[in-house]
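Colleague: File follows, upload-v5.cif with mmCIF, C-alpha atoms:
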data_input
#
loop_
_atom_site.group_PDB
_atom_site.id
_atom_site.type_symbol
_atom_site.label_atom_id
_atom_site.label_comp_id
_atom_site.auth_asym_id
_atom_site.auth_seq_id
_atom_site.Cartn_x
_atom_site.Cartn_y
_atom_site.Cartn_z
ATOM 1 C CA MET A 19 21.044 33.583 -8.314
ATOM 2 C CA SER A 20 18.791 33.000 -5.342
ATOM 3 C CA SER A 21 15.370 31.821 -6.361
ATOM 4 C CA VAL A 22 13.991 33.856 -3.440
ATOM 5 C CA MET A 23 15.380 37.162 -4.767
ATOM 6 C CA GLU A 24 14.546 36.297 -8.362
ATOM 7 C CA SER A 25 10.958 35.571 -7.368
ATOM 8 C CA PHE A 26 10.817 38.710 -5.195
ATOM 9 C CA PHE A 27 11.920 40.968 -8.065
ATOM 10 C CA LYS A 28 9.695 39.219 -10.613
ATOM 11 C CA ASP A 29 6.806 40.041 -8.260
ATOM 12 C CA PHE A 30 8.166 43.597 -8.057
ATOM 13 C CA GLU A 31 8.197 43.761 -11.874
ATOM 14 C CA GLN A 32 4.608 42.541 -12.097
ATOM 15 C CA ASN A 33 3.327 44.792 -9.298
ATOM 16 C CA SER A 34 4.989 47.797 -10.937
ATOM 17 C CA SER A 35 3.634 47.002 -14.398
ATOM 18 C CA LEU A 36 0.088 46.470 -13.164
ATOM 19 C CA GLY A 37 0.110 49.504 -10.885
ATOM 20 C CA GLU A 38 -0.621 47.299 -7.865
ATOM 21 C CA THR A 39 0.134 49.977 -5.269
ATOM 22 C CA GLY A 40 -0.656 47.916 -2.183
ATOM 23 C CA ALA A 41 1.355 44.901 -3.332
ATOM 24 C CA LEU A 42 4.280 47.089 -4.387
ATOM 25 C CA VAL A 43 4.332 49.034 -1.113
ATOM 26 C CA SER A 44 4.287 45.740 0.812
ATOM 27 C CA GLN A 45 7.651 44.908 -0.766
ATOM 28 C CA PHE A 46 9.256 47.903 0.971
ATOM 29 C CA GLY A 47 10.031 48.494 4.619
ATOM 30 C CA ASP A 48 7.800 50.785 6.675
ATOM 31 C CA VAL A 49 10.507 53.372 5.959
ATOM 32 C CA PHE A 50 13.304 53.047 3.424
ATOM 33 C CA LEU A 51 16.133 55.101 1.966
ATOM 34 C CA VAL A 52 16.254 56.382 -1.604
ATOM 35 C CA ALA A 53 19.617 57.675 -2.822
ATOM 36 C CA GLY A 54 19.708 59.884 -5.895
ATOM 37 C CA PRO A 55 21.538 62.821 -7.455
ATOM 38 C CA GLN A 56 20.006 65.196 -4.891
ATOM 39 C CA GLY A 57 21.141 63.079 -1.928
ATOM 40 C CA VAL A 58 19.433 60.577 0.339
ATOM 41 C CA GLN A 59 15.801 60.694 1.421
ATOM 42 C CA VAL A 60 13.995 58.743 4.110
ATOM 43 C CA VAL A 61 10.691 57.644 2.579
ATOM 44 C CA PRO A 62 7.786 56.446 4.718
ATOM 45 C CA ALA A 63 5.788 53.677 3.033
ATOM 46 C CA ASN A 64 2.542 55.679 3.305
ATOM 47 C CA ALA A 65 4.093 58.619 1.399
ATOM 48 C CA PHE A 66 5.432 56.182 -1.194
ATOM 49 C CA ALA A 67 1.932 54.735 -1.624
ATOM 50 C CA LEU A 68 0.533 58.219 -2.309
ATOM 51 C CA ALA A 69 3.243 58.977 -4.904
ATOM 52 C CA LEU A 70 2.995 55.734 -6.903
ATOM 53 C CA PRO A 71 -0.194 56.444 -8.913
ATOM 54 C CA ALA A 72 1.177 59.798 -10.122
ATOM 55 C CA ARG A 73 4.477 58.169 -11.067
ATOM 56 C CA LYS A 74 2.661 55.481 -13.055
ATOM 57 C CA LYS A 75 0.614 58.152 -14.851
ATOM 58 C CA GLN A 76 3.817 60.013 -15.712
ATOM 59 C CA PHE A 77 5.390 56.876 -17.193
ATOM 60 C CA ASP A 78 2.179 56.029 -19.060
ATOM 61 C CA ALA A 79 2.076 59.569 -20.504
ATOM 62 C CA MET A 80 5.640 59.105 -21.779
ATOM 63 C CA GLY A 81 4.513 55.932 -23.570
ATOM 64 C CA CYS A 82 5.856 53.273 -21.215
ATOM 65 C CA GLN A 83 4.590 49.908 -22.423
ATOM 66 C CA SER A 84 6.581 47.554 -20.230
ATOM 67 C CA THR A 85 9.411 47.206 -17.742
ATOM 68 C CA GLU A 86 11.222 43.890 -17.666
ATOM 69 C CA LEU A 87 13.843 42.595 -15.258
ATOM 70 C CA VAL A 88 16.753 41.482 -17.462
ATOM 71 C CA SER A 89 19.443 40.763 -14.897
ATOM 72 C CA LEU A 90 19.867 40.375 -11.180
ATOM 73 C CA ARG A 91 23.032 39.907 -9.151
ATOM 74 C CA GLU A 92 23.011 39.514 -5.415
ATOM 75 C CA THR A 93 25.682 39.855 -2.763
ATOM 76 C CA PRO A 94 24.911 38.828 0.814
ATOM 77 C CA MET A 95 25.934 41.491 3.348
ATOM 78 C CA SER A 96 24.984 39.546 6.485
ATOM 79 C CA ASP A 97 22.498 36.911 7.577
ATOM 80 C CA HIS A 98 19.613 39.340 6.999
ATOM 81 C CA TYR A 99 20.690 41.781 4.260
ATOM 82 C CA ILE A 100 21.367 41.249 0.563
ATOM 83 C CA VAL A 101 22.596 43.809 -1.957
ATOM 84 C CA VAL A 102 20.720 43.210 -5.210
ATOM 85 C CA GLU A 103 21.954 44.837 -8.406
ATOM 86 C CA THR A 104 19.346 44.849 -11.158
ATOM 87 C CA GLU A 105 18.994 45.870 -14.778
ATOM 88 C CA TRP A 106 15.642 46.684 -16.289
ATOM 89 C CA GLN A 107 14.611 47.095 -19.916
ATOM 90 C CA MET A 108 11.913 49.687 -20.348
ATOM 91 C CA THR A 109 9.977 49.829 -23.610
ATOM 92 C CA PHE A 110 8.342 53.095 -24.697
ATOM 93 C CA THR A 111 6.315 54.015 -27.748
ATOM 94 C CA HIS A 112 6.430 57.472 -29.224
ATOM 95 C CA GLY A 113 3.255 58.704 -30.878
ATOM 96 C CA GLY A 114 2.083 55.113 -31.236
ATOM 97 C CA LYS A 115 4.658 54.594 -33.979
ATOM 98 C CA SER A 116 8.263 53.996 -32.959
ATOM 99 C CA THR A 117 9.470 51.858 -30.087
ATOM 100 C CA GLU A 118 12.353 52.869 -27.848
ATOM 101 C CA LYS A 119 14.081 50.593 -25.398
ATOM 102 C CA ILE A 120 16.021 51.955 -22.444
ATOM 103 C CA LEU A 121 18.242 49.881 -20.181
ATOM 104 C CA VAL A 122 18.419 51.180 -16.598
ATOM 105 C CA ALA A 123 20.153 49.850 -13.501
ATOM 106 C CA SER A 124 19.142 49.966 -9.854
ATOM 107 C CA THR A 125 20.705 48.719 -6.646
ATOM 108 C CA PHE A 126 18.614 47.601 -3.700
ATOM 109 C CA ILE A 127 19.359 46.432 -0.197
ATOM 110 C CA VAL A 128 16.799 43.863 0.847
ATOM 111 C CA TYR A 129 16.145 42.848 4.459
ATOM 112 C CA THR A 130 15.361 39.137 4.611
ATOM 113 C CA GLY A 131 14.701 38.663 8.338
ATOM 114 C CA GLY A 132 11.230 38.531 9.810
ATOM 115 C CA GLY A 133 9.787 36.076 7.305
ATOM 116 C CA GLN A 134 9.174 38.495 4.423
ATOM 117 C CA ALA A 135 11.776 40.220 2.229
ATOM 118 C CA LYS A 136 11.573 44.041 2.302
ATOM 119 C CA ILE A 137 13.448 46.688 0.328
ATOM 120 C CA VAL A 138 15.138 49.052 2.788
ATOM 121 C CA PHE A 139 17.407 50.953 0.362
ATOM 122 C CA TYR A 140 16.940 51.923 -3.297
ATOM 123 C CA LEU A 141 19.510 53.515 -5.601
ATOM 124 C CA PRO A 142 18.371 54.211 -9.170
ATOM 125 C CA HIS A 143 21.438 54.604 -11.382
ATOM 126 C CA HIS A 144 19.498 56.307 -14.182
ATOM 127 C CA ASP A 145 16.389 58.428 -14.581
ATOM 128 C CA PRO A 146 14.551 56.814 -17.497
ATOM 129 C CA LEU A 147 12.319 59.826 -18.102
ATOM 130 C CA THR A 148 15.351 62.122 -18.441
ATOM 131 C CA ILE A 149 17.009 59.642 -20.819
ATOM 132 C CA LEU A 150 13.832 59.471 -22.894
ATOM 133 C CA ARG A 151 13.362 63.263 -22.980
ATOM 134 C CA ASN A 152 17.001 63.731 -24.029
ATOM 135 C CA ARG A 153 16.641 61.179 -26.836
ATOM 136 C CA ARG A 154 13.459 62.773 -28.083
ATOM 137 C CA THR A 155 14.888 66.291 -28.038
ATOM 138 C CA GLY A 156 18.275 65.270 -29.419
ATOM 139 C CA VAL A 157 20.250 66.294 -26.316
#
When written as C-alpha coordinates, how does the structure in this file appear?
Modeller:
Amino acid sequence: MSSVMESFFKDFEQNSSLGETGALVSQFGDVFLVAGPQGVQVVPANAFALALPARKKQFDAMGCQSTELVSLRETPMSDHYIVVETEWQMTFTHGGKSTEKILVASTFIVYTGGGQAKIVFYLPHHDPLTILRNRRTGV
(Lines of atoms letter the chains of each structure in order from A and count residues from 1; the text may use other names and numbers.)
(Lines give C-alpha, C1' and ligand atoms only; values in the text may rest on other atoms or scores of the structure.)
Protein backbone atom coordinates (compact mmCIF):
# COMPACT_ATOMS: atom_id res chain seq x y z
CA MET A 1 0.00 0.00 0.00
CA SER A 2 1.35 3.39 -0.96
CA SER A 3 1.91 5.60 2.03
CA VAL A 4 0.83 8.54 -0.15
CA MET A 5 -2.62 7.06 -0.85
CA GLU A 6 -3.01 5.77 2.69
CA SER A 7 -2.25 9.23 4.04
CA PHE A 8 -4.53 10.86 1.45
CA PHE A 9 -7.51 8.69 2.44
CA LYS A 10 -6.82 9.02 6.17
CA ASP A 11 -7.03 12.79 5.61
CA PHE A 12 -10.24 12.17 3.64
CA GLU A 13 -11.61 10.16 6.58
CA GLN A 14 -10.77 12.92 9.05
CA ASN A 15 -12.09 15.74 6.84
CA SER A 16 -15.34 13.83 6.33
CA SER A 17 -15.79 13.06 10.02
CA LEU A 18 -15.13 16.63 11.11
CA GLY A 19 -17.26 18.17 8.38
CA GLU A 20 -14.26 20.11 7.06
CA THR A 21 -15.91 21.16 3.79
CA GLY A 22 -13.03 23.20 2.41
CA ALA A 23 -10.41 20.55 3.16
CA LEU A 24 -12.62 17.79 1.76
CA VAL A 25 -13.41 19.70 -1.44
CA SER A 26 -9.68 20.35 -1.93
CA GLN A 27 -9.18 16.59 -2.23
CA PHE A 28 -11.35 16.51 -5.37
CA GLY A 29 -10.69 17.85 -8.84
CA ASP A 30 -12.34 21.08 -9.97
CA VAL A 31 -14.84 18.73 -11.64
CA PHE A 32 -15.16 15.00 -11.04
CA LEU A 33 -17.38 12.09 -12.03
CA VAL A 34 -19.72 10.27 -9.67
CA ALA A 35 -21.11 6.95 -10.90
CA GLY A 36 -24.17 5.52 -9.20
CA PRO A 37 -27.33 3.50 -9.84
CA GLN A 38 -28.85 6.42 -11.77
CA GLY A 39 -25.83 6.78 -14.07
CA VAL A 40 -22.85 9.11 -14.18
CA GLN A 41 -22.86 12.75 -13.12
CA VAL A 42 -20.27 15.45 -13.68
CA VAL A 43 -19.94 17.30 -10.37
CA PRO A 44 -18.32 20.73 -10.14
CA ALA A 45 -16.38 21.20 -6.90
CA ASN A 46 -18.40 24.32 -5.99
CA ALA A 47 -21.68 22.36 -6.21
CA PHE A 48 -20.12 19.57 -4.14
CA ALA A 49 -19.12 22.13 -1.49
CA LEU A 50 -22.73 23.36 -1.26
CA ALA A 51 -24.09 19.80 -0.90
CA LEU A 52 -21.68 18.57 1.80
CA PRO A 53 -23.21 20.29 4.87
CA ALA A 54 -26.68 18.89 4.07
CA ARG A 55 -25.22 15.42 3.55
CA LYS A 56 -23.44 15.59 6.90
CA LYS A 57 -26.67 16.69 8.60
CA GLN A 58 -28.49 13.76 7.00
CA PHE A 59 -25.90 11.28 8.28
CA ASP A 60 -25.91 12.90 11.73
CA ALA A 61 -29.72 12.65 11.84
CA MET A 62 -29.45 8.92 11.08
CA GLY A 63 -27.10 8.56 14.06
CA CYS A 64 -23.75 8.35 12.30
CA GLN A 65 -21.04 8.38 14.95
CA SER A 66 -17.98 7.58 12.87
CA THR A 67 -16.67 6.46 9.51
CA GLU A 68 -13.39 4.58 9.49
CA LEU A 69 -11.22 3.48 6.58
CA VAL A 70 -10.68 -0.26 7.10
CA SER A 71 -9.00 -1.26 3.86
CA LEU A 72 -7.41 0.29 0.82
CA ARG A 73 -6.11 -1.36 -2.33
CA GLU A 74 -4.55 0.57 -5.14
CA THR A 75 -3.84 -0.24 -8.76
CA PRO A 76 -1.78 2.16 -10.86
CA MET A 77 -3.42 2.95 -14.21
CA SER A 78 -0.64 5.17 -15.59
CA ASP A 79 2.04 7.53 -14.32
CA HIS A 80 -0.64 9.94 -13.06
CA TYR A 81 -3.75 7.88 -12.22
CA ILE A 82 -4.38 5.30 -9.50
CA VAL A 83 -7.53 3.25 -8.95
CA VAL A 84 -8.13 3.05 -5.20
CA GLU A 85 -10.61 0.52 -3.84
CA THR A 86 -11.67 1.27 -0.28
CA GLU A 87 -13.82 -0.21 2.45
CA TRP A 88 -15.29 1.91 5.19
CA GLN A 89 -16.91 0.92 8.47
CA MET A 90 -19.68 3.28 9.47
CA THR A 91 -20.98 3.21 13.03
CA PHE A 92 -24.53 4.40 13.77
CA THR A 93 -26.51 4.61 16.97
CA HIS A 94 -30.24 4.15 17.02
CA GLY A 95 -32.14 6.10 19.65
CA GLY A 96 -28.94 6.48 21.65
CA LYS A 97 -29.16 2.80 22.60
CA SER A 98 -28.03 0.23 20.05
CA THR A 99 -25.01 0.47 17.79
CA GLU A 100 -25.06 -0.66 14.17
CA LYS A 101 -22.01 -1.10 12.01
CA ILE A 102 -22.22 -1.02 8.23
CA LEU A 103 -19.39 -1.94 5.89
CA VAL A 104 -19.46 -0.06 2.58
CA ALA A 105 -17.09 -0.05 -0.39
CA SER A 106 -16.10 2.74 -2.76
CA THR A 107 -13.79 2.96 -5.74
CA PHE A 108 -11.93 6.14 -6.60
CA ILE A 109 -9.66 7.21 -9.41
CA VAL A 110 -7.07 9.61 -8.08
CA TYR A 111 -5.00 11.94 -10.27
CA THR A 112 -1.49 12.24 -8.84
CA GLY A 113 0.10 14.70 -11.28
CA GLY A 114 0.47 18.38 -10.54
CA GLY A 115 1.89 17.99 -7.05
CA GLN A 116 -1.36 17.28 -5.19
CA ALA A 117 -3.52 14.14 -5.37
CA LYS A 118 -7.12 14.80 -6.49
CA ILE A 119 -10.13 12.50 -6.74
CA VAL A 120 -11.46 12.65 -10.30
CA PHE A 121 -13.88 9.69 -10.18
CA TYR A 122 -16.00 8.27 -7.34
CA LEU A 123 -18.07 5.08 -7.39
CA PRO A 124 -19.95 4.25 -4.18
CA HIS A 125 -20.82 0.55 -4.19
CA HIS A 126 -23.46 0.91 -1.47
CA ASP A 127 -25.80 3.57 -0.14
CA PRO A 128 -25.33 3.40 3.64
CA LEU A 129 -28.51 5.32 4.39
CA THR A 130 -30.59 2.86 2.34
CA ILE A 131 -28.90 -0.08 4.08
CA LEU A 132 -29.61 1.48 7.47
CA ARG A 133 -33.25 2.28 6.63
CA ASN A 134 -33.79 -1.28 5.37
CA ARG A 135 -32.30 -2.75 8.55
CA ARG A 136 -34.42 -0.54 10.75
CA THR A 137 -37.63 -1.30 8.88
CA GLY A 138 -36.88 -5.00 8.47
CA VAL A 139 -36.73 -4.91 4.66
Colleague: If you measure from atom CA of A:Asp48 to atom CA of A:Asn64, what distance in Å do you get, rounded to one decimal?
Modeller: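 Separation of atom CA of A:Asp48 and atom CA of A:Asn64: 7.9 Å.
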Colleague: For stretch 78-87 of chain A, work out the shell of residues within 7 Å, counting all atoms listed in the file and skipping chain neighbours fewer than 5 positions away, then give it as a PyMOL selection string.
Modeller: chain A and resi 31+35+105-112
Colleague: Would you kindly translate the PyMOL selection byres ((chain A and resi 20-24) around 12) into the concrete residues it picks from this file, as a PyMOL selection string?
Modeller: chain A and resi 19+25-31+45+87-94+99-104+126-130+133-137
Colleague: Let me see the file: selected residues, C-alpha atoms, as an mmCIF file, keeping the file's coordinate frame.
Modeller:
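Saved as result-v6.cif:
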data_model
loop_
_atom_site.group_PDB
_atom_site.id
_atom_site.type_symbol
_atom_site.label_atom_id
_atom_site.label_comp_id
_atom_site.auth_asym_id
_atom_site.auth_seq_id
_atom_site.Cartn_x
_atom_site.Cartn_y
_atom_site.Cartn_z
ATOM 1 C CA MET A 19 21.044 33.583 -8.314
ATOM 2 C CA SER A 25 10.958 35.571 -7.368
ATOM 3 C CA PHE A 26 10.817 38.710 -5.195
ATOM 4 C CA PHE A 27 11.920 40.968 -8.065
ATOM 5 C CA LYS A 28 9.695 39.219 -10.613
ATOM 6 C CA ASP A 29 6.806 40.041 -8.260
ATOM 7 C CA PHE A 30 8.166 43.597 -8.057
ATOM 8 C CA GLU A 31 8.197 43.761 -11.874
ATOM 9 C CA GLN A 45 7.651 44.908 -0.766
ATOM 10 C CA LEU A 87 13.843 42.595 -15.258
ATOM 11 C CA VAL A 88 16.753 41.482 -17.462
ATOM 12 C CA SER A 89 19.443 40.763 -14.897
ATOM 13 C CA LEU A 90 19.867 40.375 -11.180
ATOM 14 C CA ARG A 91 23.032 39.907 -9.151
ATOM 15 C CA GLU A 92 23.011 39.514 -5.415
ATOM 16 C CA THR A 93 25.682 39.855 -2.763
ATOM 17 C CA PRO A 94 24.911 38.828 0.814
ATOM 18 C CA TYR A 99 20.690 41.781 4.260
ATOM 19 C CA ILE A 100 21.367 41.249 0.563
ATOM 20 C CA VAL A 101 22.596 43.809 -1.957
ATOM 21 C CA VAL A 102 20.720 43.210 -5.210
ATOM 22 C CA GLU A 103 21.954 44.837 -8.406
ATOM 23 C CA THR A 104 19.346 44.849 -11.158
ATOM 24 C CA PHE A 126 18.614 47.601 -3.700
ATOM 25 C CA ILE A 127 19.359 46.432 -0.197
ATOM 26 C CA VAL A 128 16.799 43.863 0.847
ATOM 27 C CA TYR A 129 16.145 42.848 4.459
ATOM 28 C CA THR A 130 15.361 39.137 4.611
ATOM 29 C CA GLY A 133 9.787 36.076 7.305
ATOM 30 C CA GLN A 134 9.174 38.495 4.423
ATOM 31 C CA ALA A 135 11.776 40.220 2.229
ATOM 32 C CA LYS A 136 11.573 44.041 2.302
ATOM 33 C CA ILE A 137 13.448 46.688 0.328
#
Colleague: Can you measure atom CA of A:Lys75 to atom CA of A:Ile149 for me? One decimal in Å is fine.
Modeller: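 Distance reported for this atom pair: 17.5 Å.
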Colleague: In terms of the shortest atom-to-atom distance over only C-alpha atoms, which of A:Ala69, A:Ser96, A:Ile120, A:Ser34 is closest to A:Asn152?
Modeller: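 Result for the nearest residue to A:Asn152: A:Ile120.
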Colleague: Which residue gives the smallest distance to A:Arg151 among A:Val138, A:Phe50, A:Pro55, A:Phe77, with only C-alpha atoms counted?
Modeller: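 Looking at the shortest contact to A:Arg151, the residue is A:Phe77.
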Colleague: Could you please determine the separation between atom CA of A:Leu36 and atom CA of A:Gln56 in Å, to one decimal place?
Modeller: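 Here the two named atoms are 28.6 Å from each other.
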Colleague: Give the answer as one residue: which of A:Val49, A:Val58, A:Leu42, A:Leu121 has the shortest atom-to-atom distance to A:Leu141, using only C-alpha atoms?
Modeller: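 Smallest separation from A:Leu141 among the options: A:Val58.
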Colleague: How would you write, as a PyMOL selection string, the residues chosen by the PyMOL selection byres ((chain A and resi 66) around 12) on this structure?
Modeller: chain A and resi 39-40+42-52+59-65+67-73
Colleague: Which residue is closest to A:Gly132? Choose from A:His98, A:Gly37, A:Lys119, A:Gly57 and count all atoms listed in the file.
Modeller: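 The answer is A:His98, which sits nearest to A:Gly132.
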Colleague: Hey, which of A:Lys74, A:Thr117, A:Glu38, A:Ala53 ends up closest to A:Pro142? Count all atoms listed in the file.
Modeller: A:Ala53
